[in-house]
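Only one structure is covered here, and it is reproduced in the block below.
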Amino acid sequence: MHNPYEVIPGKIYDIIQESPLIRTLRINLEKPISFKTGQFIELSIPGIGEGPFTPSSSHYISETMDVTIMKTGFVTEYVHKAKVGDRVGIRGPFGSRYPLEKFECKDLLILGGGCGLAPLRSLFLTLLHDVEKYKSITFLAGAKTPQDCIYKDEVTNWRKYDNVKFLRAVDVVPDGEKWDEEVGVVTVLLKKAKINTAKNPAVVCGPPIMMKYGTMDLLKMGYKEENLYLSMEKKMYCGFGQCRHCVMGKYYACKDGPVFTYDQIKNEEAIWD
Amino acid sequence: MIVKVADFFTFLNRCFSEGVGKFDEIILPVKSSKENNNLHFASIKKGARFDFETVQLDTYRTIDPVKVLYYLSREKVLPAHYPPKRRLIIGVKSCDLRALEILDKAMINNEFVDQAYKHWRDNAIIISTDCLSITNTCHCTLTGGKPYSESGFDINLSKSFYNYHLTVGSQKGEELVEFMKKSITIEDDKPDILKNVANQRQEVIELLNKQNEEYFRSEDYSGLINSKLSKWETYSRECVGCGGCTNICPTCYCLILNDETKSEQFVKVRSYDSCQLNGYARVAGGGTPRPKMAERFRNRYMCKFSYMKSNFNTIGCTGCGRCTDVCPAKIDFRRTVSYLDK
C-alpha cells in the first residue's frame with residue numbers, strides 16, 4: 001500500500017541565487033520522480049518543515065529537479081540558508097498538469113511575474129523539448145526591478161527559437177541599474193506582443209494581484225474563460241486532498257488544481273487571496 | 001438474536017480478566033462524573049478489574065466522538081509502522097458511525113489511503129448500541145439520522161429490559177457472535193422483545209422531534225448556502241474562533257503536518273487543525289482567503305452542508321450536537337443553521 005506521506009530524499013548539488021530573494025535549488029534525487037509540468041511537490045527541510053513548490057525544471061528530467069523558491073516565510077528562510085550538499089526531502093508529485101495536448105498547433109501565451117515564473121520555466125522548458133509542435137509561444141515575464149529578474153542566464157538561449165518570443169518588463173528601474181527592455185507592469189507587454197486571442201490558450205502564474213489583473217486583461221482582450229489556465233497557489237499542506245487547507249469551495253487546489261481554467265473557479269470565493 | 005444483559009457483561013468480564021477473544025484493548029463509554037450523565041470513552045487494558053458501575057452503554061453519545069479512537073489528535077504518518085492492536089469498541093452511537101462513514105470516504109479512497117486511519121479501522125470491532133435517552137443538543141433526526149444504527153457496525157445491541165436484541169452487521173460481527181456462543185447463551189429472537197425495541201426506538205425519535213421542533217431546515221440547505229456574509233456576521237459575532245467545535249466534530253479531519261526528522265529517516269507527524277483559526281489557510285507572505293472571523297465561521301457551515309455534499313455526496317453533520325456543547329460562547333449550531341437557512 002502506497003503511503004501518501006512517503007518522502008524521497010535528495011541532495012542539493014547546486015544553488016543558483018537568481019535574485020536577492022529568490023534562489024533555485026538543484027537537487028539530485030535518490031529515486032527518480034516523474035512529474036508532469038504544472039504539478040507540484042512538497043519540499044522538506046529535515047526537522048524544520050515542508051512547503052508546496054512547483055518544480056521549475058522540464059518534466060522530461062526525473063533524476064534531478066530544480067525548485068525555485070522565494071524567501072518569504074519560516075520554511076523558505078531555511079531554504080535560503082541551505083548549502084550545497086544538504087539533504088532535503090520531496091513528496092509528490094501532486095495535482096493537475098498543464099494540458100500540453102491542448103496547446104499543440106496553437107499560439108500559446110505565457111504570462112508570469114516574480115517567483116510565479118518557477119512553474120512557467122518548467123512549462124517552457126518542457127515545451128522547448130518539442131517546440132515544433134506549437135505554432136508559437138509568447139512568454140511575457142515581469143519583475144519588480146532588473147535585479148529581481150530570475151533565470152537571467154537563460155534568456156539568451158530562450159530567444160534562439162523562431163517561433164518563440166520572450167519579452168520582459170520591470171516595474172521600476174532604480175538609479176544605477178541598467179535595463180533596455182520594457183518598463184511597467186507585465187501586462188504592458190500584452191499590447192506589444194501582438195497576440196491572436198481567438199481559440200488560443202494562455203497560462204498565467206504570479207503573485208495574486210498580478211494573476212487577478214492579468215486574467216482580467218486577457219479576458220478583455222478576448223481570451224475565452226475556458227482557455228485561461230491559472231496556477232493557483234494556496235496552502236497545500238498534505239498535497240492530496242486530506243488536510244483541507246487549500247479548499248476553494250468544492251475544489252482542492254492540491255488535487256483538482258493547482259492548474260485550473262478560469263472558467264472552473266471563477267465563482268468560488270476569494271480565489272485571488 | 002437475544003442475549004441477556006448480565007450474560008453479555010459476563011462475556012466482557014472474561015475478555016478483560018481472562019483474555020478471552022484476545023483483545024488488546026476494550027473501549028467503552030463510562031460516566032465522567034457522579035454529578036451528571038456525561039460519558040467518555042475509557043480504555044480498559046487486558047487483565048484490569050472491570051467496574052460495571054460506571055459503564056453506560058445505552059444512554060446517549062459520549063462527550064468525545066469515536067473519531068478520537070481512529071483519527072488520533074496526533075499521529076506519526078511517516079514512517080507508517082503500526083503495532084498490531086486488536087480493539088473492541090463498545091457503545092458506539094449512530095451519529096458517530098455515520099461520521100465514520102464520512103471519514104472513510106475522506107481517508108480511504110481511490111486517490112489515497114491514510115495508513116494510520118486504515119490500521120485503526122481494520123483492527124477494531126465495533127459494537128454499537130441504541131440511544132435510549134438523549135441530551136439536550138442531540139439532533140440526529142434533523143440531519144437524516146436516527147438514534148439507532150442500521151449499518152456500519154459489526155454488532156448492534158438494542159436494550160430491552162434485561163435483554164439485548166443483537167443484530168449482526170458484518171463478517172467480523174458474525175465471527176464474534178459465534179465466539180460468544182462458546183461462553184454464554186445466545187437465543188433466537190422473541191417477538192415481544194422485537195416489538196419493545198421498535199417501540200423504544202420510536203419513543204426516542206419522538207423525543208428528538210419534540211426537542212428540535214423549533215429548528216428549521218430546508219431540503220438542500222440552499223438558504224444557508226446562499227446567505228450573504230452580513231447575515232453570517234450577525235450570527236458569528238460572539239464566536240471567539242477557538243476551534244473547539246471543529247476539534248470535537250466527529251466529521252472534521254483537517255490536519256497540519258509537521259516534519260520531526262531527527263536523523264536520516266524522514267518523520268512526518270499529523271495533528272488536528274481548525275479552519276476557525278486565523279492562520280489556518282494563511283500562505284507564506286501573509287495572504288489568507290478568510291481573514292474575517294465571519295468568513296471562517298461560514299466556512300465551517302459551508303464545509304458541512306455544501307463542500308462535503310459535493311465531495312462525499314452526504315452532508316458533513318450527523319447531528320451529535322457536540323459543537324454546541326463545547327462552544328464557550330454558547331452558539332447553538334441548530335439555531336444558526338435554522339436562522340440562516342430560512
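Residues are referred to by chain and number: the chain letter is A, B, ... according to the order shown in the C-alpha cells, the number counts from 1 in that chain, and ligands are numbered separately from 1 in the order shown.
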
Spatial neighbours of stretch 122-127 of chain A, 6 Å, only C-alpha atoms, chain gap at least 5 places, as an mmCIF file with all heavy atoms, in the first residue's frame:
```
data_model
loop_
_atom_site.group_PDB
_atom_site.id
_atom_site.type_symbol
_atom_site.label_atom_id
_atom_site.label_comp_id
_atom_site.auth_asym_id
_atom_site.auth_seq_id
_atom_site.Cartn_x
_atom_site.Cartn_y
_atom_site.Cartn_z
ATOM 1 N N THR A 37 4.483 18.646 -16.102
ATOM 2 C CA THR A 37 4.665 20.069 -15.840
ATOM 3 C C THR A 37 3.365 20.722 -15.390
ATOM 4 O O THR A 37 2.295 20.469 -15.964
ATOM 5 C CB THR A 37 5.287 20.787 -17.053
ATOM 6 O OG1 THR A 37 5.504 22.154 -16.697
ATOM 7 C CG2 THR A 37 4.408 20.722 -18.291
ATOM 8 N N SER A 56 10.795 23.694 -11.277
ATOM 9 C CA SER A 56 10.973 24.628 -12.383
ATOM 10 C C SER A 56 11.778 23.995 -13.503
ATOM 11 O O SER A 56 12.134 24.656 -14.465
ATOM 12 C CB SER A 56 11.609 25.926 -11.889
ATOM 13 O OG SER A 56 12.759 25.646 -11.152
ATOM 14 N N SER A 57 12.053 22.695 -13.371
ATOM 15 C CA SER A 57 12.760 22.005 -14.444
ATOM 16 C C SER A 57 11.772 21.294 -15.367
ATOM 17 O O SER A 57 10.605 21.122 -15.022
ATOM 18 C CB SER A 57 13.757 21.011 -13.850
ATOM 19 O OG SER A 57 13.163 20.288 -12.798
ATOM 20 N N SER A 58 12.280 20.884 -16.517
ATOM 21 C CA SER A 58 11.433 20.207 -17.504
ATOM 22 C C SER A 58 10.941 18.869 -16.977
ATOM 23 O O SER A 58 11.655 18.186 -16.242
ATOM 24 C CB SER A 58 12.249 19.976 -18.776
ATOM 25 O OG SER A 58 11.664 18.954 -19.552
#
```

Find the residues near stretch 151-162 of chain B: any atom within 9 Å, counting only C-alpha atoms, skip ones fewer than 5 places away on the same chain, and give them as JSON, numbers by chain.
{"B": [3, 4, 5, 6, 58, 91, 92, 94, 97, 98, 100, 101, 125, 126, 127, 128, 129, 130, 131, 132, 167, 168, 169, 170, 171, 172, 173, 174, 176, 177, 193, 194, 196, 197, 200]}

To one decimal place in Å, what is the distance between atom CA of A:Ile41 and atom CA of A:Gly239?
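Distance reported for this atom pair: 7.7 Å.
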
For chain B against chain A, which residues fall within 9 Å using only C-alpha atoms, given as a ChimeraX atom specification?
/B:77-80,106-107,111-115,253-264,266-268,273,275,280-290,299,302-303,306-311

For each of A:Asp263, A:Glu181, A:Asp148, A:Glu226, take the minimum atom-to-atom distance to A:Cys115, counting only C-alpha atoms, then give the residue where this is smallest.
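When distances to A:Cys115 are compared using only C-alpha atoms, the smallest one comes from A:Asp148.
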
Tell me, as a PyMOL selection string, which residues lie within 7 Å of B:Cys138, counting only C-alpha atoms; anything in the same chain fewer than 4 positions away does not count.
chain B and resi 134+319-321

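We find atom CA of A:Tyr229 and atom CA of A:Leu128 to be spaced 18.8 Å apart.
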
Do you have the atom CA of B:Arg334-atom CA of B:Tyr215 distance handy?
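If I compute the distance from atom CA of B:Arg334 to atom CA of B:Tyr215, I get 6.5 Å.
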
What residues in stretch 21-269 of chain A get the DSSP label strand (DSSP E or B)? Please answer as an MDAnalysis selection string.
chainID A and resid 22:29 37 39:45 49:53 55 64:70 87:94 107:113 136:143 164:170 182:183 202:205 228:231 247:248 251:252 259:261

Do a neighbour search on A:Lys178 at 12 Å with only C-alpha atoms, toss out local chain neighbours closer than 4 positions, and write the hits as a tab-separated table (two decimals) with N, CA, C and O atoms, in the first residue's frame.
```
chain	number	residue	atom	x	y	z
A	145	THR	N	12.23	44.90	-10.25
A	145	THR	CA	13.36	45.69	-10.75
A	145	THR	C	14.26	44.77	-11.57
A	145	THR	O	14.11	43.54	-11.49
A	146	PRO	N	15.20	45.32	-12.33
A	146	PRO	CA	16.08	44.45	-13.12
A	146	PRO	C	16.79	43.40	-12.28
A	146	PRO	O	16.92	42.25	-12.71
A	147	GLN	N	17.20	43.75	-11.05
A	147	GLN	CA	17.92	42.73	-10.27
A	147	GLN	C	16.98	41.65	-9.72
A	147	GLN	O	17.44	40.61	-9.28
A	170	VAL	N	10.01	45.30	-16.29
A	170	VAL	CA	10.19	45.52	-14.85
A	170	VAL	C	9.35	46.73	-14.44
A	170	VAL	O	9.14	47.64	-15.23
A	172	VAL	N	9.94	49.05	-12.08
A	172	VAL	CA	10.76	50.28	-11.99
A	172	VAL	C	12.22	49.94	-12.21
A	172	VAL	O	12.65	48.81	-11.98
A	173	VAL	N	12.97	50.95	-12.70
A	173	VAL	CA	14.42	50.77	-12.81
A	173	VAL	C	15.08	51.75	-11.83
A	173	VAL	O	15.10	52.96	-12.07
A	174	PRO	N	15.56	51.24	-10.69
A	174	PRO	CA	16.19	52.14	-9.72
A	174	PRO	C	17.47	52.76	-10.30
A	174	PRO	O	18.06	52.20	-11.22
A	182	GLU	N	11.37	46.49	-21.59
A	182	GLU	CA	10.18	47.27	-21.25
A	182	GLU	C	10.16	47.68	-19.76
A	182	GLU	O	10.65	46.95	-18.90
A	183	VAL	N	9.54	48.83	-19.49
A	183	VAL	CA	9.31	49.25	-18.10
A	183	VAL	C	7.81	49.39	-17.89
A	183	VAL	O	7.11	49.98	-18.70
```

Any idea what's packed within 7 Å of stretch 92-105 of chain A, counting only C-alpha atoms, ignoring anything in its chain fewer than 3 positions away? Could you give it as a PDB file with C-alpha atoms, in the first residue's frame?
```pdb
ATOM      1  CA  PHE A  35       6.001  14.580 -12.785  1.00  0.00           C
ATOM      2  CA  LYS A  36       4.005  16.394 -15.431  1.00  0.00           C
ATOM      3  CA  THR A  37       4.665  20.069 -15.840  1.00  0.00           C
ATOM      4  CA  GLY A  38       2.286  22.143 -13.718  1.00  0.00           C
ATOM      5  CA  GLN A  39       2.158  19.602 -10.905  1.00  0.00           C
ATOM      6  CA  PHE A  40       3.720  20.475  -7.572  1.00  0.00           C
ATOM      7  CA  ILE A  41       5.777  18.782  -4.866  1.00  0.00           C
ATOM      8  CA  GLU A  42       6.277  19.224  -1.135  1.00  0.00           C
ATOM      9  CA  LEU A 108       0.318  29.943 -26.733  1.00  0.00           C
ATOM     10  CA  LYS A 133       4.576  21.113 -32.138  1.00  0.00           C
ATOM     11  CA  TYR A 134       3.435  24.604 -31.185  1.00  0.00           C
ATOM     12  CA  LYS A 135       2.585  27.290 -33.685  1.00  0.00           C
ATOM     13  CA  PRO A 201      -4.725  29.254 -24.789  1.00  0.00           C
ATOM     14  CA  GLY A 239      -0.860  17.535  -1.245  1.00  0.00           C
ATOM     15  CA  PHE A 240      -3.650  15.074  -1.943  1.00  0.00           C
ATOM     16  CA  CYS A 254      -3.884  20.428  -4.404  1.00  0.00           C
ATOM     17  CA  LYS A 255      -5.741  17.679  -6.210  1.00  0.00           C
ATOM     18  CA  ASP A 256      -8.211  19.442  -8.507  1.00  0.00           C
ATOM     19  CA  GLY A 257      -5.549  22.108  -9.180  1.00  0.00           C
ATOM     20  CA  PRO A 258      -3.105  23.747  -8.929  1.00  0.00           C
ATOM     21  CA  VAL A 259      -3.785  24.238 -12.650  1.00  0.00           C
TER      22      VAL A 259
END
```

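With distances restricted to only C-alpha atoms, A:Gly206 is the closest residue to A:Leu140 from A:Pro20, A:Gly10, A:Gly206, A:Gly85.
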